[in-house]
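Data block below; observations after.
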Amino acid sequence: MRANPIKSTIDLDGPGVRHGHLKLPHSQDGSAWGAVMIPITVVVGGQGPTALLTGASHGDEHEGPVALLDLARTLKAKAVSGRVIIVPMMNHPAFLAATRTSPIDGGNMNRAFPGKPDGTVTEKIADYFQRTLLPMADIVLDIHSGGKTLDFVPFAAAHVLADADQQARCVAAMEAFNAPYSMMLSELDAVGMYDTAAEDMGKVFVSTELGGGGSVSASSAAIAKRGVANVLKHAGILDGDPEIAASVTLDTGTQGCFVASGDDGLLEMLVDLGDAVEKGRPIARIHDVKRSGAEPVTYHAELSGILAGRHFPGLIAMGDCLAVIGVLK
Ligand SMILES: [Zn+2]
C-alpha cells in the first residue's frame with residue numbers, strides 16, 4: 001500500500017516531552033504548497049504502556065480539546081511510566097470551523113476508517129491513525145460529546161465485543177474514566193468508526209459523550225479532565241488510583257432506545273436529560289411551524305429508563321435523532 005503523506009514533526013519514541021504537528025501537505029487556493037497542521041504532543045517516561053488520547057474527531061465537540069490541551073501543557077515525563085500520545089484536535093480542519101465534518105472534504109472522521117493514504121484529507125488522517133498511531137497504542141481514549149445537534153448526560157462508553165476478555169478490559173477502563181454515567185453502547189452505524197478500528201486491533205478502547213450543544217460547561221470540562229487522569233492511572237501510566245465516584249450504568253441495546261423524529265417542526269422536550277421516563281410517557285412534542293392552531297405530534301417512550309440524549313437545536317427534521325433512552329442496568 002502507498003505510504004501516508006503525513007509526517008510527524010516530532011519523534012514519537014525517545015524520552016521527554018515534545019510538542020509538534022502531524023503535517024499533511026494540502027495544496028489549495030489559499031496556500032499552493034500549504035499543509036494541514038494537526039497539533040500533537042508526546043510524553044515519554046520510563047517503561048510502560050502507550051496511551052493514545054484524542055479529541056475533536058468531530059470539530060464541534062470541545063470537551064476533548066479542553067482536557068487534552070490542558071494535559072499536553074502540564075504533563076511531565078517524570079510522571080509517566082510509558083508513553084502518552086495526545087492529539088487534542090484529531091480533525092483539526094473541522095475543529096477550526098467548529099463543524100462536525102471537515103470543511104475541506106466534508107469528511108466525518110468517525111466514519112472514515114480505515115481511511116486511505118491517497119484519499120481525501122480526512123481519509124489520509126484516518127489512515128495515519130489506522131497504520132501509524134493505533135498500532136503503537138495499548139489503550140485508546142477518544143473523547144466525544146454531542147456537538148451542535150445533540151446533548152447527552154455525561155457518559156463514558158464501552159461496546160459489546162465478540163471477545164469477552166477484551167470487552168471486560170474495555171469496561172474496566174470505562175469504569176476507571178468514571179463519568180457520572182457509564183454506557184454499554186450499541187452503535188447505530190459502526191462501519192468506518194475509529195472505535196471499531198481500535199477494537200478490531202484488540203486495543204482497550206474507551207469513548208465518551210460528555211455533554212453537547214457545541215460548547216463546554218464547567219462540569220463537563222471537569223469530568224473530561226478527571227476522566228483522562230483516571231484512565232492514565234488505570235493503565236499504570238500515572239501513579240495513584242483513579243478517583244472513583246458513583247456512576248449510573250446504562251444500556252442502549254434494546255429496541256426503542258433511539259427515538260427518531262418522523263416530523264419537521266419546533267421541538268418541545270417534555271423531559272430533561274437525566275429524568276426518569278416510564279414506558280408510554282410523553283417525552284416530546286413537535287409543533288407544526290407552517291400554521292397555527294394545529295395539534296402537535298406527541299412522542300412517547302417505548303421503554304422505561306432515563307433520558308440520556310436529546311436533539312439540541314430548537315428545530316427538528318424528519319430522520320433526526322430526537323432522543324436516546326438509556327436503560328438502567
Ligand atoms: Zn463525536
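Residues are named by chain letter and number: chains run A, B, ... in the order of the C-alpha cells, numbers start at 1 in each chain, and ligands are numbered from 1 in the order shown.
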Cut-off 7 Å: closest stretch 62-116 of chain A/stretch 221-232 of chain A atom pairs per residue, using only C-alpha atoms, as CSV:
```
residue,atom,partner,partner_atom,distance
A:Glu63,CA,A:Ala221,CA,5.5
A:Gly64,CA,A:Ala224,CA,6.8
A:Val66,CA,A:Ala221,CA,6.7
A:Ala67,CA,A:Lys225,CA,4.9
```
Considering only helix (DSSP H, G or I) as DSSP defines it on the backbone, what residues of stretch 175-267 of chain A qualify? List them as a count of residues only. 27
Please extract the residues at most 9 Å from ligand 1, counting only C-alpha atoms and all ligand atoms, and provide them as number ranges by chain, using the chain letters and residue numbers of this document. A: 55-61, 100, 109-110, 142-147, 208-209
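The spacing separating atom CA of A:Gly314 from atom CA of A:Ser207 amounts to 27.0 Å.
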Which one is closest to A:Ser186: A:Met136, A:Met201, A:Met90, A:Ala158? Count only C-alpha atoms. A:Ala158
Can you tell me which residues surround A:Gln166 at a distance of at most 12 Å, considering only C-alpha atoms, apart from same-chain residues fewer than 3 positions away, and format the answer as a list in words? Asp138, Ile139, Ala158, His159, Val160, Leu161, Ala162, Asp163, Arg169, Cys170, Val171, Ala172, Ala173, Ala198, Glu199, Asp200, Met201, Gly202, Lys203, Val204, Phe205 and Val206 of chain A
Give me the residues within 7 Å of stretch 237-250 of chain A as a list in words, counting only C-alpha atoms and dropping any in the same chain fewer than 3 places off. Gly48, Pro49, Ala79, Val80, Ser81, Gly82, Ala176, Asn178, Ala179, Pro180, Tyr181, Ser182, Met183, Met184, Asn230, Leu232, Lys233, His234, Gly326, Val327, Leu328 and Lys329 of chain A
Same residues, C-alpha atoms, saved as a short mmCIF file (atom, residue, chain, number, x, y, z; two decimals), in the first residue's frame:
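This is the output file part.cif:
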```cif
data_model
loop_
_atom_site.label_atom_id
_atom_site.label_comp_id
_atom_site.auth_asym_id
_atom_site.auth_seq_id
_atom_site.Cartn_x
_atom_site.Cartn_y
_atom_site.Cartn_z
CA GLY A 48 5.16 1.11 30.50
CA PRO A 49 2.25 1.02 28.08
CA ALA A 79 5.33 11.47 35.98
CA VAL A 80 4.85 8.97 33.12
CA SER A 81 5.56 5.22 33.07
CA GLY A 82 5.35 4.51 29.37
CA ALA A 176 -11.98 3.94 35.54
CA ASN A 178 -15.76 7.26 35.86
CA ALA A 179 -18.11 9.69 34.20
CA PRO A 180 -21.39 10.19 36.09
CA TYR A 181 -22.90 7.63 33.66
CA SER A 182 -21.33 4.51 32.11
CA MET A 183 -22.91 3.24 28.91
CA MET A 184 -22.82 -0.14 27.19
CA ASN A 230 -8.22 8.32 35.79
CA LEU A 232 -3.90 7.03 32.72
CA LYS A 233 -3.83 5.88 36.38
CA HIS A 234 -5.86 2.78 35.47
CA GLY A 326 -30.76 4.70 28.41
CA VAL A 327 -31.99 1.58 30.20
CA LEU A 328 -30.79 1.26 33.79
CA LYS A 329 -28.72 -1.89 34.28
#
```
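Minimum distance to A:Val289 across A:Ala323, A:Ile85, A:Leu68, A:Ala317 (counting only C-alpha atoms) occurs at A:Ala317.
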Å distance separating atom CA of A:Lys279 from atom CA of A:Gln255, one decimal place: 12.4 Å
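Near stretch 299-305 of chain A, within 6 Å and counting only C-alpha atoms, sit Gly256, Ala276, Val277, Glu278, Lys279, Gly280, Arg281, Pro282, Ile283, Ala284, Ile325, Gly326, Val327 and Leu328 of chain A, not including residues fewer than 4 positions from it in the same chain.
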For the residues in the current selection, export N, CA and C atoms as a short mmCIF file (atom, residue, chain, number, x, y, z; two decimals), in the first residue's frame.
```
data_model
loop_
_atom_site.label_atom_id
_atom_site.label_comp_id
_atom_site.auth_asym_id
_atom_site.auth_seq_id
_atom_site.Cartn_x
_atom_site.Cartn_y
_atom_site.Cartn_z
N GLY A 256 -36.01 0.58 20.73
CA GLY A 256 -36.74 1.71 21.31
C GLY A 256 -35.85 2.69 22.05
N ALA A 276 -36.07 10.41 34.79
CA ALA A 276 -36.61 9.06 34.60
C ALA A 276 -37.80 9.13 33.65
N VAL A 277 -37.89 8.17 32.73
CA VAL A 277 -39.07 8.08 31.86
C VAL A 277 -39.65 6.67 31.98
N GLU A 278 -40.97 6.62 32.08
CA GLU A 278 -41.66 5.34 32.12
C GLU A 278 -42.17 5.02 30.73
N LYS A 279 -42.23 3.75 30.40
CA LYS A 279 -42.78 3.33 29.12
C LYS A 279 -44.17 3.96 28.92
N GLY A 280 -44.38 4.57 27.77
CA GLY A 280 -45.68 5.19 27.45
C GLY A 280 -45.77 6.66 27.80
N ARG A 281 -44.79 7.17 28.56
CA ARG A 281 -44.83 8.57 28.97
C ARG A 281 -44.51 9.49 27.78
N PRO A 282 -45.25 10.60 27.64
CA PRO A 282 -44.89 11.57 26.59
C PRO A 282 -43.52 12.17 26.89
N ILE A 283 -42.62 12.16 25.89
CA ILE A 283 -41.28 12.71 26.12
C ILE A 283 -41.03 13.98 25.31
N ALA A 284 -41.79 14.18 24.24
CA ALA A 284 -41.55 15.37 23.42
C ALA A 284 -42.76 15.64 22.54
N ILE A 325 -32.93 6.95 24.97
CA ILE A 325 -33.33 6.49 26.30
C ILE A 325 -32.35 5.41 26.75
N GLY A 326 -31.69 5.68 27.85
CA GLY A 326 -30.76 4.70 28.41
C GLY A 326 -31.51 3.83 29.41
N VAL A 327 -31.33 2.52 29.29
CA VAL A 327 -31.99 1.58 30.20
C VAL A 327 -31.07 1.34 31.38
N LEU A 328 -31.60 1.47 32.59
CA LEU A 328 -30.79 1.26 33.79
C LEU A 328 -30.45 -0.22 33.91
#
```
DSSP-assigned strand (DSSP E) among stretch 150-301 of chain A, expressed as a VMD selection string: chain A and resid 150 to 152 155 to 159 181 to 185 204 to 209 248 to 251 258 to 260 265 to 269 276 to 277 282 to 287 297 to 300
Please produce an output containing N, CA and C atoms for each residue in the selection, written as a tab-separated table (two decimals), in the first residue's frame.
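As written to disk, result.tsv reads:
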```tsv
chain	number	residue	atom	x	y	z
A	150	LEU	N	-26.67	17.55	19.26
A	150	LEU	CA	-27.11	16.60	20.28
A	150	LEU	C	-26.61	17.07	21.65
A	151	ASP	N	-27.30	16.62	22.69
A	151	ASP	CA	-26.83	16.85	24.06
A	151	ASP	C	-27.03	15.54	24.82
A	152	PHE	N	-26.09	15.21	25.69
A	152	PHE	CA	-26.13	13.94	26.42
A	152	PHE	C	-25.92	14.16	27.91
A	155	PHE	N	-21.44	10.64	29.77
A	155	PHE	CA	-21.14	9.22	29.98
A	155	PHE	C	-19.85	8.80	29.27
A	156	ALA	N	-19.20	7.81	29.86
A	156	ALA	CA	-18.13	7.06	29.17
A	156	ALA	C	-18.78	5.79	28.64
A	157	ALA	N	-18.21	5.26	27.53
A	157	ALA	CA	-18.88	4.15	26.86
A	157	ALA	C	-17.91	3.04	26.51
A	158	ALA	N	-18.44	1.83	26.54
A	158	ALA	CA	-17.74	0.66	26.00
A	158	ALA	C	-18.74	-0.08	25.11
A	159	HIS	N	-18.19	-0.87	24.20
A	159	HIS	CA	-19.06	-1.60	23.27
A	159	HIS	C	-19.14	-3.07	23.64
A	181	TYR	N	-22.19	8.77	34.25
A	181	TYR	CA	-22.90	7.63	33.66
A	181	TYR	C	-21.90	6.77	32.89
A	182	SER	N	-22.15	5.46	32.86
A	182	SER	CA	-21.33	4.51	32.11
A	182	SER	C	-22.27	3.74	31.19
A	183	MET	N	-21.95	3.74	29.91
A	183	MET	CA	-22.91	3.24	28.91
A	183	MET	C	-22.35	2.04	28.16
A	184	MET	N	-23.12	0.95	28.13
A	184	MET	CA	-22.82	-0.14	27.19
A	184	MET	C	-23.52	0.23	25.90
A	185	LEU	N	-22.73	0.61	24.91
A	185	LEU	CA	-23.28	1.26	23.73
A	185	LEU	C	-23.41	0.29	22.56
A	204	VAL	N	-7.57	-1.78	24.08
A	204	VAL	CA	-8.53	-1.33	25.09
A	204	VAL	C	-9.01	0.04	24.64
A	205	PHE	N	-10.32	0.17	24.43
A	205	PHE	CA	-10.85	1.39	23.85
A	205	PHE	C	-11.98	1.94	24.72
A	206	VAL	N	-11.89	3.25	24.99
A	206	VAL	CA	-12.96	3.95	25.72
A	206	VAL	C	-13.38	5.16	24.91
A	207	SER	N	-14.68	5.34	24.76
A	207	SER	CA	-15.23	6.54	24.14
A	207	SER	C	-16.06	7.27	25.18
A	208	THR	N	-16.48	8.49	24.84
A	208	THR	CA	-17.35	9.23	25.77
A	208	THR	C	-18.36	10.05	24.97
A	209	GLU	N	-19.39	10.46	25.64
A	209	GLU	CA	-20.27	11.55	25.20
A	209	GLU	C	-20.47	12.40	26.45
A	248	VAL	N	-23.79	5.77	37.19
A	248	VAL	CA	-25.00	5.02	36.84
A	248	VAL	C	-24.75	4.27	35.54
A	249	THR	N	-24.95	2.95	35.54
A	249	THR	CA	-24.71	2.16	34.33
A	249	THR	C	-25.98	2.09	33.48
A	250	LEU	N	-25.80	2.39	32.19
A	250	LEU	CA	-26.92	2.41	31.25
A	250	LEU	C	-26.60	1.49	30.07
A	251	ASP	N	-27.67	1.14	29.34
A	251	ASP	CA	-27.54	0.27	28.18
A	251	ASP	C	-28.46	0.81	27.08
A	258	PHE	N	-33.29	4.37	20.77
A	258	PHE	CA	-33.03	5.51	19.88
A	258	PHE	C	-34.36	5.95	19.26
A	259	VAL	N	-34.78	7.16	19.59
A	259	VAL	CA	-36.05	7.68	19.09
A	259	VAL	C	-35.76	8.64	17.95
A	260	ALA	N	-36.23	8.32	16.74
A	260	ALA	CA	-36.01	9.19	15.59
A	260	ALA	C	-37.25	10.04	15.35
A	265	GLY	N	-40.33	20.31	12.49
A	265	GLY	CA	-41.04	21.31	13.26
A	265	GLY	C	-40.25	21.84	14.43
A	266	LEU	N	-41.01	22.41	15.37
A	266	LEU	CA	-40.45	23.02	16.58
A	266	LEU	C	-40.48	21.98	17.69
A	267	LEU	N	-39.31	21.68	18.25
A	267	LEU	CA	-39.19	20.62	19.27
A	267	LEU	C	-39.45	21.19	20.66
A	268	GLU	N	-40.36	20.53	21.36
A	268	GLU	CA	-40.60	20.84	22.77
A	268	GLU	C	-40.34	19.57	23.57
A	269	MET	N	-39.24	19.52	24.29
A	269	MET	CA	-38.97	18.35	25.14
A	269	MET	C	-39.89	18.42	26.36
A	276	ALA	N	-36.07	10.41	34.79
A	276	ALA	CA	-36.61	9.06	34.60
A	276	ALA	C	-37.80	9.13	33.65
A	277	VAL	N	-37.89	8.17	32.73
A	277	VAL	CA	-39.07	8.08	31.86
A	277	VAL	C	-39.65	6.67	31.98
A	282	PRO	N	-45.25	10.60	27.64
A	282	PRO	CA	-44.89	11.57	26.59
A	282	PRO	C	-43.52	12.17	26.89
A	283	ILE	N	-42.62	12.16	25.89
A	283	ILE	CA	-41.28	12.71	26.12
A	283	ILE	C	-41.03	13.98	25.31
A	284	ALA	N	-41.79	14.18	24.24
A	284	ALA	CA	-41.55	15.37	23.42
A	284	ALA	C	-42.76	15.64	22.54
A	285	ARG	N	-42.91	16.90	22.15
A	285	ARG	CA	-43.92	17.27	21.15
A	285	ARG	C	-43.23	18.02	20.03
A	286	ILE	N	-43.73	17.82	18.82
A	286	ILE	CA	-43.23	18.59	17.68
A	286	ILE	C	-44.38	19.40	17.12
A	287	HIS	N	-44.17	20.72	17.12
A	287	HIS	CA	-45.21	21.65	16.68
A	287	HIS	C	-45.03	21.97	15.20
A	297	VAL	N	-47.47	16.86	17.32
A	297	VAL	CA	-47.31	15.41	17.36
A	297	VAL	C	-46.57	15.06	18.66
A	298	THR	N	-47.13	14.14	19.42
A	298	THR	CA	-46.52	13.76	20.70
A	298	THR	C	-45.76	12.45	20.55
A	299	TYR	N	-44.55	12.41	21.08
A	299	TYR	CA	-43.72	11.19	21.08
A	299	TYR	C	-43.72	10.60	22.49
A	300	HIS	N	-43.89	9.27	22.53
A	300	HIS	CA	-43.96	8.57	23.81
A	300	HIS	C	-42.76	7.63	23.95
```
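Once A:Leu273 and its same-chain neighbours fewer than 4 positions away are set aside, A:Phe152, A:Val153, A:Leu307, A:Ala308, A:Gly309 remain within 7 Å of it when counting only C-alpha atoms.
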